>>> print(open('target-v2.txt').read())   # compact mmCIF, C-alpha atoms
# COMPACT_ATOMS: atom_id res chain seq x y z
CA MET A 1 2.70 23.79 -15.63
CA ASP A 2 -0.88 22.73 -15.06
CA GLU A 3 -1.05 20.61 -11.93
CA LYS A 4 -3.48 18.30 -13.69
CA ASP A 5 -0.58 17.20 -15.90
CA ILE A 6 1.60 16.16 -13.02
CA SER A 7 2.59 12.52 -13.34
CA ARG A 8 1.61 9.72 -11.01
CA ALA A 9 5.29 9.23 -10.23
CA VAL A 10 5.66 12.77 -8.88
CA ILE A 11 2.50 12.41 -6.82
CA ARG A 12 3.88 9.13 -5.52
CA ARG A 13 7.04 10.90 -4.33
CA LEU A 14 5.42 13.97 -2.76
CA PRO A 15 4.25 12.20 0.42
CA ARG A 16 7.79 10.92 0.85
CA TYR A 17 9.19 14.45 0.59
CA TYR A 18 6.58 15.48 3.13
CA ARG A 19 7.62 12.70 5.52
CA TYR A 20 11.34 13.40 5.21
CA LEU A 21 10.83 17.13 5.67
CA GLY A 22 8.75 16.35 8.77
CA GLU A 23 11.68 14.34 10.13
CA LEU A 24 14.06 17.21 9.37
CA ILE A 25 11.80 19.58 11.32
CA GLU A 26 11.83 17.13 14.24
CA ASP A 27 15.63 17.12 14.00
CA GLY A 28 15.62 20.93 14.16
CA VAL A 29 16.96 21.39 10.62
CA GLU A 30 15.86 24.78 9.26
CA ARG A 31 17.18 24.68 5.73
CA ILE A 32 18.55 22.04 3.37
CA SER A 33 20.10 21.93 -0.08
CA SER A 34 18.60 19.68 -2.72
CA ASN A 35 21.87 17.72 -2.55
CA GLU A 36 21.50 17.05 1.17
CA LEU A 37 17.82 16.22 0.74
CA SER A 38 18.72 13.90 -2.13
CA ALA A 39 21.36 12.08 -0.09
CA ARG A 40 18.83 11.59 2.68
CA MET A 41 16.03 10.43 0.38
CA HIS A 42 17.99 8.40 -2.16
CA VAL A 43 16.50 10.49 -4.96
CA THR A 44 18.80 12.48 -7.25
CA ALA A 45 19.02 16.22 -6.53
CA SER A 46 17.89 17.01 -10.06
CA GLN A 47 14.87 14.73 -9.58
CA ILE A 48 13.93 16.69 -6.46
CA ARG A 49 14.38 20.02 -8.26
CA GLN A 50 12.30 18.76 -11.20
CA ASP A 51 9.55 17.43 -8.96
CA LEU A 52 9.28 20.63 -6.95
CA ASN A 53 9.45 22.80 -10.07
CA ASN A 54 6.12 21.27 -11.05
CA PHE A 55 4.70 23.34 -8.24
CA GLY A 56 6.80 26.45 -8.75
CA GLY A 57 10.13 25.54 -7.19
CA PHE A 58 10.33 26.81 -3.57
CA GLY A 59 14.14 26.67 -3.63
CA GLN A 60 16.46 29.69 -3.55
CA GLN A 61 19.81 29.70 -5.33
CA GLY A 62 22.60 29.28 -2.82
CA TYR A 63 20.18 28.98 0.09
CA GLY A 64 18.49 25.69 -0.71
CA TYR A 65 15.10 24.95 0.77
CA ASN A 66 13.53 26.39 3.89
CA VAL A 67 12.42 23.12 5.51
CA LYS A 68 9.33 24.41 7.35
CA TYR A 69 8.16 26.42 4.36
CA LEU A 70 8.63 23.54 1.92
CA HIS A 71 6.92 21.13 4.32
CA MET A 72 3.97 23.53 4.56
CA GLU A 73 3.78 24.07 0.81
CA ILE A 74 3.82 20.33 0.12
CA ALA A 75 1.11 19.93 2.75
CA LYS A 76 -1.02 22.38 0.76
CA ILE A 77 -0.35 20.56 -2.50
CA LEU A 78 -1.35 17.27 -0.84
CA GLY A 79 -4.51 18.85 0.54
CA LEU A 80 -3.31 18.42 4.14
CA ASP A 81 -3.97 22.07 4.95
CA ARG A 82 -7.55 21.25 5.90
CA THR A 83 -9.10 18.46 7.97
CA HIS A 84 -10.69 15.54 6.12
CA LYS A 85 -13.47 13.75 7.98
CA MET A 86 -13.17 9.99 7.56
CA ILE A 87 -15.15 6.92 8.56
CA ILE A 88 -14.03 3.31 8.59
CA VAL A 89 -16.48 0.69 7.34
CA GLY A 90 -15.48 -2.66 8.79
CA ALA A 91 -14.41 -2.58 12.44
CA GLY A 92 -12.38 -5.80 12.42
CA ASN A 93 -8.67 -5.95 13.24
CA LEU A 94 -7.67 -3.87 10.25
CA GLY A 95 -10.39 -1.27 10.74
CA GLN A 96 -9.47 -0.96 14.41
CA ALA A 97 -5.75 -0.77 13.58
CA LEU A 98 -6.44 2.15 11.26
CA ALA A 99 -8.72 3.83 13.83
CA ASN A 100 -5.93 3.53 16.40
CA TYR A 101 -3.32 5.08 14.18
CA VAL A 102 -3.01 8.61 15.59
CA GLN A 103 -0.57 9.65 12.87
CA PHE A 104 -3.46 10.07 10.41
CA GLU A 105 -4.96 12.75 12.62
CA LYS A 106 -1.70 14.70 12.70
CA GLN A 107 -1.90 14.58 8.91
CA SER A 108 -5.40 16.04 9.12
CA PHE A 109 -7.39 12.86 8.47
CA LYS A 110 -9.89 12.68 11.32
CA VAL A 111 -11.63 9.33 11.89
CA ILE A 112 -15.06 10.25 13.29
CA GLY A 113 -16.88 6.93 13.00
CA LEU A 114 -16.47 3.17 12.72
CA PHE A 115 -19.18 0.95 11.24
CA ASP A 116 -19.77 -2.77 11.30
CA VAL A 117 -22.54 -5.34 10.89
CA ASN A 118 -21.47 -7.35 13.93
CA PRO A 119 -23.85 -6.59 16.83
CA VAL A 120 -21.17 -7.70 19.30
CA LEU A 121 -19.23 -4.55 18.41
CA LYS A 122 -22.20 -2.21 18.79
CA GLY A 123 -21.48 0.71 21.13
CA LEU A 124 -17.86 -0.26 21.71
CA SER A 125 -15.33 2.39 20.87
CA VAL A 126 -11.75 2.56 19.63
CA ARG A 127 -9.66 5.52 20.77
CA GLY A 128 -12.91 7.21 21.72
CA ILE A 129 -14.47 6.56 18.31
CA GLU A 130 -17.81 4.77 18.61
CA ILE A 131 -18.52 1.64 16.58
CA ARG A 132 -21.96 2.04 15.00
CA MET A 133 -24.15 -0.44 13.21
CA ILE A 134 -24.19 -0.21 9.43
CA ASP A 135 -27.85 0.86 9.24
CA GLN A 136 -26.79 4.25 10.60
CA LEU A 137 -24.25 4.73 7.79
CA GLU A 138 -26.21 6.97 5.42
CA SER A 139 -27.57 9.34 8.04
CA PHE A 140 -24.16 9.62 9.73
CA VAL A 141 -22.35 10.40 6.47
CA ARG A 142 -24.91 13.06 5.53
CA GLU A 143 -25.16 14.68 8.95
CA ASN A 144 -21.40 14.83 9.48
CA ASP A 145 -20.24 15.77 5.97
CA VAL A 146 -17.96 12.75 5.87
CA GLU A 147 -15.56 13.08 2.97
CA ILE A 148 -13.59 9.83 3.02
CA ALA A 149 -14.75 6.27 3.67
CA THR A 150 -12.19 3.58 4.42
CA LEU A 151 -13.35 0.14 3.32
CA THR A 152 -11.93 -2.67 5.44
CA LEU A 153 -14.44 -5.30 4.37
CA PRO A 154 -14.35 -8.64 2.61
CA LYS A 155 -14.23 -8.42 -1.18
CA SER A 156 -17.75 -9.84 -1.38
CA LYS A 157 -19.21 -6.87 0.50
CA ALA A 158 -17.03 -4.07 -0.88
CA MET A 159 -18.87 -3.32 -4.14
CA GLU A 160 -22.30 -3.03 -2.55
CA MET A 161 -20.91 -0.87 0.25
CA ALA A 162 -19.09 1.42 -2.19
CA ASP A 163 -22.40 1.84 -3.98
CA ARG A 164 -24.17 2.81 -0.73
CA LEU A 165 -21.41 5.27 0.13
CA VAL A 166 -21.49 6.92 -3.28
CA LYS A 167 -25.29 7.27 -3.04
CA CYS A 168 -25.00 9.15 0.25
CA GLY A 169 -22.42 11.52 -1.16
CA ILE A 170 -19.01 10.24 -0.05
CA LYS A 171 -16.23 11.96 -2.01
CA ALA A 172 -13.41 9.43 -1.71
CA ILE A 173 -12.95 5.76 -0.87
CA TRP A 174 -9.80 4.33 0.66
CA ASN A 175 -10.23 0.72 -0.36
CA PHE A 176 -8.54 -2.20 1.41
CA ALA A 177 -10.86 -4.83 -0.05
CA HIS A 178 -9.14 -7.22 -2.44
CA THR A 179 -11.02 -5.92 -5.47
CA ASP A 180 -11.13 -2.80 -7.64
CA LEU A 181 -14.22 -0.65 -7.42
CA ASP A 182 -14.06 0.84 -10.93
CA LEU A 183 -17.31 -0.79 -11.98
CA THR A 184 -19.31 0.54 -9.05
CA VAL A 185 -17.84 3.95 -8.46
CA PRO A 186 -18.32 6.97 -10.76
CA SER A 187 -15.21 8.82 -11.88
CA SER A 188 -16.16 11.81 -9.75
CA VAL A 189 -15.43 9.76 -6.63
CA ILE A 190 -11.74 9.28 -5.83
CA VAL A 191 -10.68 5.70 -5.14
CA GLU A 192 -7.33 4.87 -3.63
CA ASN A 193 -6.70 1.15 -3.44
CA VAL A 194 -4.41 -0.51 -0.93
CA HIS A 195 -4.04 -4.05 -2.25
CA LEU A 196 -1.83 -5.66 0.38
CA SER A 197 -1.62 -8.95 -1.51
CA GLU A 198 -0.20 -7.12 -4.50
CA SER A 199 2.42 -5.46 -2.35
CA LEU A 200 3.39 -8.89 -1.01
CA MET A 201 3.57 -10.24 -4.57
CA ARG A 202 5.93 -7.44 -5.57
CA LEU A 203 8.07 -8.39 -2.60
CA SER A 204 8.03 -11.98 -3.74
CA TYR A 205 8.86 -10.95 -7.32
CA ASN A 206 11.85 -8.97 -6.09
CA LEU A 207 12.83 -11.86 -3.84
CA SER A 208 12.97 -14.27 -6.77
CA HIS A 209 14.50 -11.93 -9.36
CA TYR A 210 16.51 -9.17 -7.77
CA GLN A 211 18.06 -10.55 -4.65
CA LYS A 212 21.81 -9.93 -4.50
CA GLU A 213 21.69 -8.51 -8.02
CA HIS A 214 19.81 -5.33 -7.40
CA PRO A 215 19.11 -2.64 -4.83
CA GLN A 216 16.21 -3.41 -2.56
CA GLY A 217 12.71 -3.58 -3.99
CA GLY A 218 12.04 -0.31 -2.25
CA ASN A 219 8.87 1.64 -1.95
CA THR A 220 6.66 0.53 -4.80
CA GLN A 221 3.66 2.09 -3.11
CA MET B 1 14.54 -9.26 -22.74
CA ASP B 2 16.41 -9.69 -19.50
CA GLU B 3 13.91 -9.83 -16.65
CA LYS B 4 16.22 -7.61 -14.61
CA ASP B 5 15.37 -4.80 -17.02
CA ILE B 6 11.64 -5.04 -16.49
CA SER B 7 10.22 -1.77 -15.30
CA ARG B 8 8.64 -1.10 -11.92
CA ALA B 9 5.41 -0.24 -13.74
CA VAL B 10 5.16 -3.70 -15.30
CA ILE B 11 5.90 -5.34 -11.96
CA ARG B 12 3.24 -3.13 -10.43
CA ARG B 13 0.68 -4.43 -12.95
CA LEU B 14 1.57 -8.14 -12.78
CA PRO B 15 -0.21 -8.82 -9.46
CA ARG B 16 -3.30 -7.15 -10.91
CA TYR B 17 -3.19 -9.45 -13.95
CA TYR B 18 -2.81 -12.34 -11.54
CA ARG B 19 -5.84 -11.21 -9.50
CA TYR B 20 -8.04 -10.66 -12.54
CA LEU B 21 -7.06 -14.00 -14.05
CA GLY B 22 -7.87 -15.63 -10.71
CA GLU B 23 -11.34 -14.07 -10.88
CA LEU B 24 -11.77 -15.33 -14.45
CA ILE B 25 -10.90 -18.85 -13.30
CA GLU B 26 -13.50 -18.54 -10.52
CA ASP B 27 -15.99 -17.46 -13.18
CA GLY B 28 -15.14 -20.55 -15.23
CA VAL B 29 -13.58 -18.59 -18.10
CA GLU B 30 -11.07 -20.79 -19.93
CA ARG B 31 -9.65 -18.39 -22.49
CA ILE B 32 -9.69 -14.67 -23.08
CA SER B 33 -8.50 -12.26 -25.77
CA SER B 34 -6.25 -9.38 -24.80
CA ASN B 35 -9.15 -7.11 -25.80
CA GLU B 36 -11.54 -8.76 -23.35
CA LEU B 37 -8.88 -8.78 -20.64
CA SER B 38 -8.17 -5.12 -21.35
CA ALA B 39 -11.86 -4.17 -21.11
CA ARG B 40 -12.06 -5.96 -17.79
CA MET B 41 -8.85 -4.46 -16.39
CA HIS B 42 -9.06 -0.95 -17.82
CA VAL B 43 -5.61 -1.39 -19.34
CA THR B 44 -5.17 -1.11 -23.12
CA ALA B 45 -4.87 -4.40 -25.01
CA SER B 46 -1.51 -3.34 -26.44
CA GLN B 47 -0.31 -2.56 -22.90
CA ILE B 48 -1.25 -6.07 -21.82
CA ARG B 49 0.49 -7.60 -24.84
CA GLN B 50 3.58 -5.47 -24.21
CA ASP B 51 3.69 -6.36 -20.53
CA LEU B 52 3.34 -10.09 -21.14
CA ASN B 53 5.84 -10.02 -24.01
CA ASN B 54 8.46 -9.09 -21.41
CA PHE B 55 8.10 -12.66 -20.23
CA GLY B 56 7.73 -14.31 -23.63
CA GLY B 57 4.13 -13.60 -24.56
CA PHE B 58 1.92 -16.56 -23.62
CA GLY B 59 -0.75 -15.51 -26.15
CA GLN B 60 -1.68 -17.35 -29.35
CA GLN B 61 -2.83 -15.53 -32.49
CA GLY B 62 -6.58 -15.93 -32.88
CA TYR B 63 -6.91 -17.90 -29.66
CA GLY B 64 -5.99 -15.26 -27.09
CA TYR B 65 -4.80 -16.37 -23.68
CA ASN B 66 -5.42 -19.64 -21.91
CA VAL B 67 -6.54 -18.25 -18.55
CA LYS B 68 -5.30 -21.07 -16.30
CA TYR B 69 -1.97 -21.28 -18.10
CA LEU B 70 -1.40 -17.52 -18.01
CA HIS B 71 -2.43 -17.40 -14.33
CA MET B 72 0.07 -20.16 -13.59
CA GLU B 73 2.86 -18.54 -15.60
CA ILE B 74 2.36 -15.18 -13.87
CA ALA B 75 2.39 -17.01 -10.54
CA LYS B 76 5.83 -18.37 -11.47
CA ILE B 77 7.07 -14.93 -12.50
CA LEU B 78 5.85 -13.52 -9.18
CA GLY B 79 7.53 -16.32 -7.26
CA LEU B 80 4.19 -17.70 -6.07
CA ASP B 81 5.03 -21.21 -7.25
CA ARG B 82 6.69 -21.98 -3.94
CA THR B 83 5.70 -21.32 -0.33
CA HIS B 84 7.32 -18.38 1.45
CA LYS B 85 7.58 -18.71 5.23
CA MET B 86 6.70 -15.44 6.91
CA ILE B 87 6.64 -14.05 10.43
CA ILE B 88 4.92 -10.93 11.73
CA VAL B 89 6.81 -8.78 14.22
CA GLY B 90 4.29 -6.71 16.16
CA ALA B 91 1.12 -8.54 17.17
CA GLY B 92 -1.08 -5.48 17.61
CA ASN B 93 -4.26 -4.89 15.62
CA LEU B 94 -2.45 -4.60 12.32
CA GLY B 95 -0.22 -7.62 12.92
CA GLN B 96 -3.25 -9.69 13.93
CA ALA B 97 -5.24 -8.44 10.94
CA LEU B 98 -2.47 -9.62 8.63
CA ALA B 99 -2.17 -12.95 10.46
CA ASN B 100 -5.93 -13.45 10.04
CA TYR B 101 -5.87 -12.80 6.32
CA VAL B 102 -6.15 -16.30 4.83
CA GLN B 103 -5.78 -14.99 1.30
CA PHE B 104 -2.01 -14.67 1.79
CA GLU B 105 -1.75 -18.39 2.37
CA LYS B 106 -3.59 -19.15 -0.86
CA GLN B 107 -0.95 -16.99 -2.51
CA SER B 108 1.74 -19.14 -0.88
CA PHE B 109 2.76 -16.77 1.90
CA LYS B 110 2.57 -18.85 5.06
CA VAL B 111 2.56 -16.96 8.37
CA ILE B 112 4.26 -19.32 10.85
CA GLY B 113 4.88 -16.99 13.77
CA LEU B 114 3.84 -13.77 15.47
CA PHE B 115 6.16 -11.85 17.79
CA ASP B 116 5.60 -9.09 20.30
CA VAL B 117 7.16 -7.52 23.39
CA ASN B 118 3.87 -7.38 25.30
CA PRO B 119 3.79 -10.23 27.88
CA VAL B 120 -0.02 -10.06 27.92
CA LEU B 121 0.01 -11.57 24.41
CA LYS B 122 2.43 -14.38 25.29
CA GLY B 123 1.09 -17.79 24.30
CA LEU B 124 -2.07 -16.45 22.71
CA SER B 125 -2.59 -17.44 19.12
CA VAL B 126 -4.22 -15.96 16.04
CA ARG B 127 -5.72 -18.40 13.54
CA GLY B 128 -3.64 -21.10 15.23
CA ILE B 129 -0.44 -19.08 14.95
CA GLU B 130 1.25 -18.68 18.34
CA ILE B 131 2.31 -15.24 19.57
CA ARG B 132 5.87 -15.53 20.88
CA MET B 133 7.98 -13.12 22.86
CA ILE B 134 10.59 -11.18 20.91
CA ASP B 135 13.55 -12.84 22.67
CA GLN B 136 12.75 -16.01 20.72
CA LEU B 137 12.98 -14.18 17.38
CA GLU B 138 16.49 -15.11 16.28
CA SER B 139 16.27 -18.79 17.13
CA PHE B 140 12.84 -19.10 15.52
CA VAL B 141 13.94 -17.43 12.28
CA ARG B 142 17.02 -19.64 12.03
CA GLU B 143 15.32 -22.92 12.97
CA ASN B 144 12.38 -22.40 10.63
CA ASP B 145 14.14 -20.87 7.62
CA VAL B 146 11.88 -17.85 7.76
CA GLU B 147 12.22 -15.89 4.53
CA ILE B 148 9.99 -12.85 5.06
CA ALA B 149 9.47 -10.70 8.15
CA THR B 150 6.50 -8.36 8.30
CA LEU B 151 7.17 -5.32 10.47
CA THR B 152 4.06 -3.93 12.14
CA LEU B 153 5.86 -1.89 14.76
CA PRO B 154 6.12 1.76 15.69
CA LYS B 155 8.63 3.74 13.64
CA SER B 156 10.87 4.10 16.70
CA LYS B 157 11.38 0.32 16.94
CA ALA B 158 11.51 -0.57 13.25
CA MET B 159 15.15 0.21 12.43
CA GLU B 160 16.56 -1.76 15.35
CA MET B 161 14.26 -4.68 14.58
CA ALA B 162 15.20 -4.67 10.90
CA ASP B 163 18.82 -4.84 11.98
CA ARG B 164 18.13 -7.86 14.22
CA LEU B 165 16.24 -9.59 11.43
CA VAL B 166 19.00 -9.00 8.88
CA LYS B 167 21.57 -10.37 11.33
CA CYS B 168 19.65 -13.62 11.71
CA GLY B 169 19.38 -14.06 7.95
CA ILE B 170 15.94 -12.81 6.95
CA LYS B 171 15.71 -12.36 3.16
CA ALA B 172 12.92 -9.84 2.84
CA ILE B 173 11.11 -7.30 5.00
CA TRP B 174 7.50 -6.24 4.44
CA ASN B 175 7.59 -2.93 6.25
CA PHE B 176 4.48 -1.19 7.63
CA ALA B 177 6.42 1.13 9.94
CA HIS B 178 6.21 4.77 8.96
CA THR B 179 9.87 4.98 8.00
CA ASP B 180 12.18 3.71 5.27
CA LEU B 181 14.76 1.10 6.21
CA ASP B 182 17.35 1.93 3.55
CA LEU B 183 19.93 3.01 6.12
CA THR B 184 19.72 -0.19 8.14
CA VAL B 185 19.16 -2.85 5.54
CA PRO B 186 21.78 -4.06 3.03
CA SER B 187 20.76 -4.10 -0.61
CA SER B 188 20.79 -7.90 -0.63
CA VAL B 189 17.70 -7.84 1.58
CA ILE B 190 14.45 -7.00 -0.21
CA VAL B 191 12.35 -4.29 1.42
CA GLU B 192 8.76 -3.65 0.39
CA ASN B 193 7.27 -0.66 2.16
CA VAL B 194 3.58 -0.18 2.80
CA HIS B 195 3.31 3.43 3.87
CA LEU B 196 -0.40 3.79 4.57
CA SER B 197 -0.12 7.50 5.33
CA GLU B 198 1.36 8.09 1.91
CA SER B 199 -1.51 6.23 0.29
CA LEU B 200 -3.94 8.43 2.20
CA MET B 201 -2.04 11.54 1.10
CA ARG B 202 -2.31 10.48 -2.55
CA LEU B 203 -6.03 10.10 -1.97
CA SER B 204 -6.14 13.58 -0.48
CA TYR B 205 -4.07 14.97 -3.38
CA ASN B 206 -6.50 13.49 -5.88
CA LEU B 207 -9.40 14.73 -3.82
CA SER B 208 -8.16 18.31 -3.99
CA HIS B 209 -6.91 18.30 -7.58
CA TYR B 210 -8.67 15.74 -9.69
CA GLN B 211 -12.20 15.49 -8.41
CA LYS B 212 -14.80 15.92 -11.15
CA GLU B 213 -12.01 16.81 -13.58
CA HIS B 214 -10.38 13.46 -13.90
CA PRO B 215 -10.98 9.72 -13.69
CA GLN B 216 -10.57 8.29 -10.24
CA GLY B 217 -7.18 8.38 -8.59
CA GLY B 218 -7.17 4.63 -8.97
CA ASN B 219 -4.63 2.12 -7.86
CA THR B 220 -1.43 4.02 -7.21
CA GLN B 221 0.01 1.03 -5.38
>>> encode(input="target-v2.txt", output="structure tokens")
Amino acid sequence: MDEKDISRAVIRRLPRYYRYLGELIEDGVERISSNELSARMHVTASQIRQDLNNFGGFGQQGYGYNVKYLHMEIAKILGLDRTHKMIIVGAGNLGQALANYVQFEKQSFKVIGLFDVNPVLKGLSVRGIEIRMIDQLESFVRENDVEIATLTLPKSKAMEMADRLVKCGIKAIWNFAHTDLDLTVPSSVIVENVHLSESLMRLSYNLSHYQKEHPQGGNTQ
Amino acid sequence: MDEKDISRAVIRRLPRYYRYLGELIEDGVERISSNELSARMHVTASQIRQDLNNFGGFGQQGYGYNVKYLHMEIAKILGLDRTHKMIIVGAGNLGQALANYVQFEKQSFKVIGLFDVNPVLKGLSVRGIEIRMIDQLESFVRENDVEIATLTLPKSKAMEMADRLVKCGIKAIWNFAHTDLDLTVPSSVIVENVHLSESLMRLSYNLSHYQKEHPQGGNTQ
């Protein structure tokens, strides 16, 4: 099967498989059956088999899955087998929270710069990462082959900033601004939106409609 | 159609409709056809009609949609027609970023308390919201009828905290910890997970597979 045909839903589950397999490795588990994995992940065993078959299976009849191997293969599929250089544009609370989150680095996303317009922040650093002024953005991105830009800016600034980032060759934008960037960003640039308000609205929807009638809202991300 | 049968995908789109309609109101647009709305949202017109028909339509032949009315009706569907009292457990950068985000309040999520274990933060406040020590959690939740708890804690603490929150009657958990809470939380309690790492992995997947072959990864939330 051509990977390009793989559905959003599968791609949405892969990082979860990766996380659960990582936990199994931490727990010293070397191999697992799709049934055990399914029980642990609350996904049916056949769903797991189907999902993984999109990428050529990895399971062995009667043996199940080799946890380390599967974890490594999923890492490759997710593009975690190489380091991605990332900057964060907007060094407020959210930007700093993301810069502080060491987990990303373990997953091969390396934050190498923080940018802001606020002169008060100039020269400060978060977890050893310097906060630079926004006028240095273009040169920094070009000189350091930055691949991913995280936008933790107000909606009003996000479009213009996305435009600047695209012009200096950024390949992907991780967007936390409360707006979509479709209009600004060409289709060759990957945009992944994290709309926190929308997540909260899904929670509220589930709160009003599903409570006590339905399993938990669950991971709609 | 019974609302309980409405698919995740529709629920995932509703907050986007709500956001776009909000922007239309800001722009002074009073009515819009499903075609115009579709052009603006990059969703097909028939998709929009289908989605809204789940809730009884709201459109009028030849007139289209009354923007304010539709915005208000979607607000009701999403449970935004009443205020939800929320606390944030974990007053680090992320917790403070969320507390500072005024947008939530406009959407009727009112943050009334922040909690942490770090004595240094005791008595400080963010946007007028006091940071309290965690030993006050139970009494505060009960006395203030807190409905939603946001968990911005390390993975290691999240399960235990979810358990405490469930015991004191919290109705929903907005979980930012890098773990699922299924094992701890009964199905009567709504859990909405925001797994930022997984979002970043979807970005990385799209970066490795779709770039220049495919429209942007887009909003997988």
>>> closest_residue(input="target-v2.txt", among="B:Ala9, B:Val67, B:Val117, B:Met159", to="Val29 in chain B", atoms="all atoms listed in the file")
B:Val67
>>> residues_near_point(input="target-v2.txt", point="(15.8, -12.1, 6.7)", cutoff="8 Å", atoms="only C-alpha atoms", output="VMD selection string")
chain B and resid 141 146 to 149 165 to 173 189
>>> residues_around(input="target-v2.txt", residues="Glu36 in chain B", least_positions_apart="3", cutoff="12 Å", atoms="only C-alpha atoms", output="NGL selection string")
:B and (20-21 or 24 or 29 or 31-33 or 39-46 or 48 or 64-65 or 67)
>>> write_last_selection(input="target-v2.txt", atoms="C-alpha atoms", output="PDB file, in the frame of the given file")
ATOM      1  CA  TYR B  20      -8.040 -10.660 -12.540  1.00  0.00           C
ATOM      2  CA  LEU B  21      -7.060 -14.000 -14.050  1.00  0.00           C
ATOM      3  CA  LEU B  24     -11.770 -15.330 -14.450  1.00  0.00           C
ATOM      4  CA  VAL B  29     -13.580 -18.590 -18.100  1.00  0.00           C
ATOM      5  CA  ARG B  31      -9.650 -18.390 -22.490  1.00  0.00           C
ATOM      6  CA  ILE B  32      -9.690 -14.670 -23.080  1.00  0.00           C
ATOM      7  CA  SER B  33      -8.500 -12.260 -25.770  1.00  0.00           C
ATOM      8  CA  ALA B  39     -11.860  -4.170 -21.110  1.00  0.00           C
ATOM      9  CA  ARG B  40     -12.060  -5.960 -17.790  1.00  0.00           C
ATOM     10  CA  MET B  41      -8.850  -4.460 -16.390  1.00  0.00           C
ATOM     11  CA  HIS B  42      -9.060  -0.950 -17.820  1.00  0.00           C
ATOM     12  CA  VAL B  43      -5.610  -1.390 -19.340  1.00  0.00           C
ATOM     13  CA  THR B  44      -5.170  -1.110 -23.120  1.00  0.00           C
ATOM     14  CA  ALA B  45      -4.870  -4.400 -25.010  1.00  0.00           C
ATOM     15  CA  SER B  46      -1.510  -3.340 -26.440  1.00  0.00           C
ATOM     16  CA  ILE B  48      -1.250  -6.070 -21.820  1.00  0.00           C
ATOM     17  CA  GLY B  64      -5.990 -15.260 -27.090  1.00  0.00           C
ATOM     18  CA  TYR B  65      -4.800 -16.370 -23.680  1.00  0.00           C
ATOM     19  CA  VAL B  67      -6.540 -18.250 -18.550  1.00  0.00           C
TER      20      VAL B  67
END
>>> residues_around(input="target-v2.txt", residues="Trp174 in chain B", least_positions_apart="3", cutoff="8 Å", atoms="only C-alpha atoms", output="count of residues only")
10
>>> atom_distance(input="target-v2.txt", atom1="CA of Arg127 in chain A", atom2="CA of Val111 in chain A")
9.9 Å
>>> closest_residue(input="target-v2.txt", among="B:Tyr63, B:Phe55, B:Tyr18, B:Phe115", to="chain A", atoms="only C-alpha atoms")
B:Tyr18
>>> residues_near_point(input="target-v2.txt", point="(14.3, -17.8, 17.8)", cutoff="12 Å", atoms="all atoms listed in the file", output="CSV table (one decimal) with C-alpha atoms, in the frame of the given file")
chain,number,residue,atom,x,y,z
B,87,ILE,CA,6.6,-14.0,10.4
B,113,GLY,CA,4.9,-17.0,13.8
B,114,LEU,CA,3.8,-13.8,15.5
B,115,PHE,CA,6.2,-11.8,17.8
B,132,ARG,CA,5.9,-15.5,20.9
B,133,MET,CA,8.0,-13.1,22.9
B,134,ILE,CA,10.6,-11.2,20.9
B,135,ASP,CA,13.6,-12.8,22.7
B,136,GLN,CA,12.8,-16.0,20.7
B,137,LEU,CA,13.0,-14.2,17.4
B,138,GLU,CA,16.5,-15.1,16.3
B,139,SER,CA,16.3,-18.8,17.1
B,140,PHE,CA,12.8,-19.1,15.5
B,141,VAL,CA,13.9,-17.4,12.3
B,142,ARG,CA,17.0,-19.6,12.0
B,143,GLU,CA,15.3,-22.9,13.0
B,144,ASN,CA,12.4,-22.4,10.6
B,145,ASP,CA,14.1,-20.9,7.6
B,146,VAL,CA,11.9,-17.8,7.8
B,164,ARG,CA,18.1,-7.9,14.2
B,165,LEU,CA,16.2,-9.6,11.4
B,168,CYS,CA,19.6,-13.6,11.7
B,169,GLY,CA,19.4,-14.1,8.0
>>> closest_residue(input="target-v2.txt", among="B:Ala158, B:Leu207, B:Val120, B:Val102", to="chain A", atoms="all atoms listed in the file")
B:Leu207
>>> closest_residue(input="target-v2.txt", among="B:Lys106, B:Arg49, B:Arg16, B:Lys68", to="Gly28 in chain B", atoms="all atoms listed in the file")
B:Lys68
>>> closest_residue(input="target-v2.txt", among="B:Arg8, B:Lys85, B:Lys110, B:Arg19", to="Ser197 in chain A", atoms="all atoms listed in the file")
B:Arg19
>>> build_atoms(input="target-v2.txt", residues="range 77-82 of chain A", atoms="N, CA and C atoms", output="mmCIF file, keeping the file's coordinate frame")
data_model
loop_
_atom_site.group_PDB
_atom_site.id
_atom_site.type_symbol
_atom_site.label_atom_id
_atom_site.label_comp_id
_atom_site.auth_asym_id
_atom_site.auth_seq_id
_atom_site.Cartn_x
_atom_site.Cartn_y
_atom_site.Cartn_z
ATOM 1 N N ILE A 77 -0.202 21.281 -1.230
ATOM 2 C CA ILE A 77 -0.350 20.560 -2.500
ATOM 3 C C ILE A 77 -1.073 19.237 -2.268
ATOM 4 N N LEU A 78 -0.747 18.580 -1.152
ATOM 5 C CA LEU A 78 -1.350 17.270 -0.840
ATOM 6 C C LEU A 78 -2.744 17.411 -0.233
ATOM 7 N N GLY A 79 -3.182 18.647 -0.046
ATOM 8 C CA GLY A 79 -4.510 18.850 0.540
ATOM 9 C C GLY A 79 -4.550 18.554 2.039
ATOM 10 N N LEU A 80 -3.382 18.677 2.694
ATOM 11 C CA LEU A 80 -3.310 18.420 4.140
ATOM 12 C C LEU A 80 -3.490 19.697 4.947
ATOM 13 N N ASP A 81 -3.800 20.791 4.251
ATOM 14 C CA ASP A 81 -3.970 22.070 4.950
ATOM 15 C C ASP A 81 -5.393 22.243 5.483
ATOM 16 N N ARG A 82 -6.216 21.221 5.278
ATOM 17 C CA ARG A 82 -7.550 21.250 5.900
ATOM 18 C C ARG A 82 -7.874 19.834 6.392
#
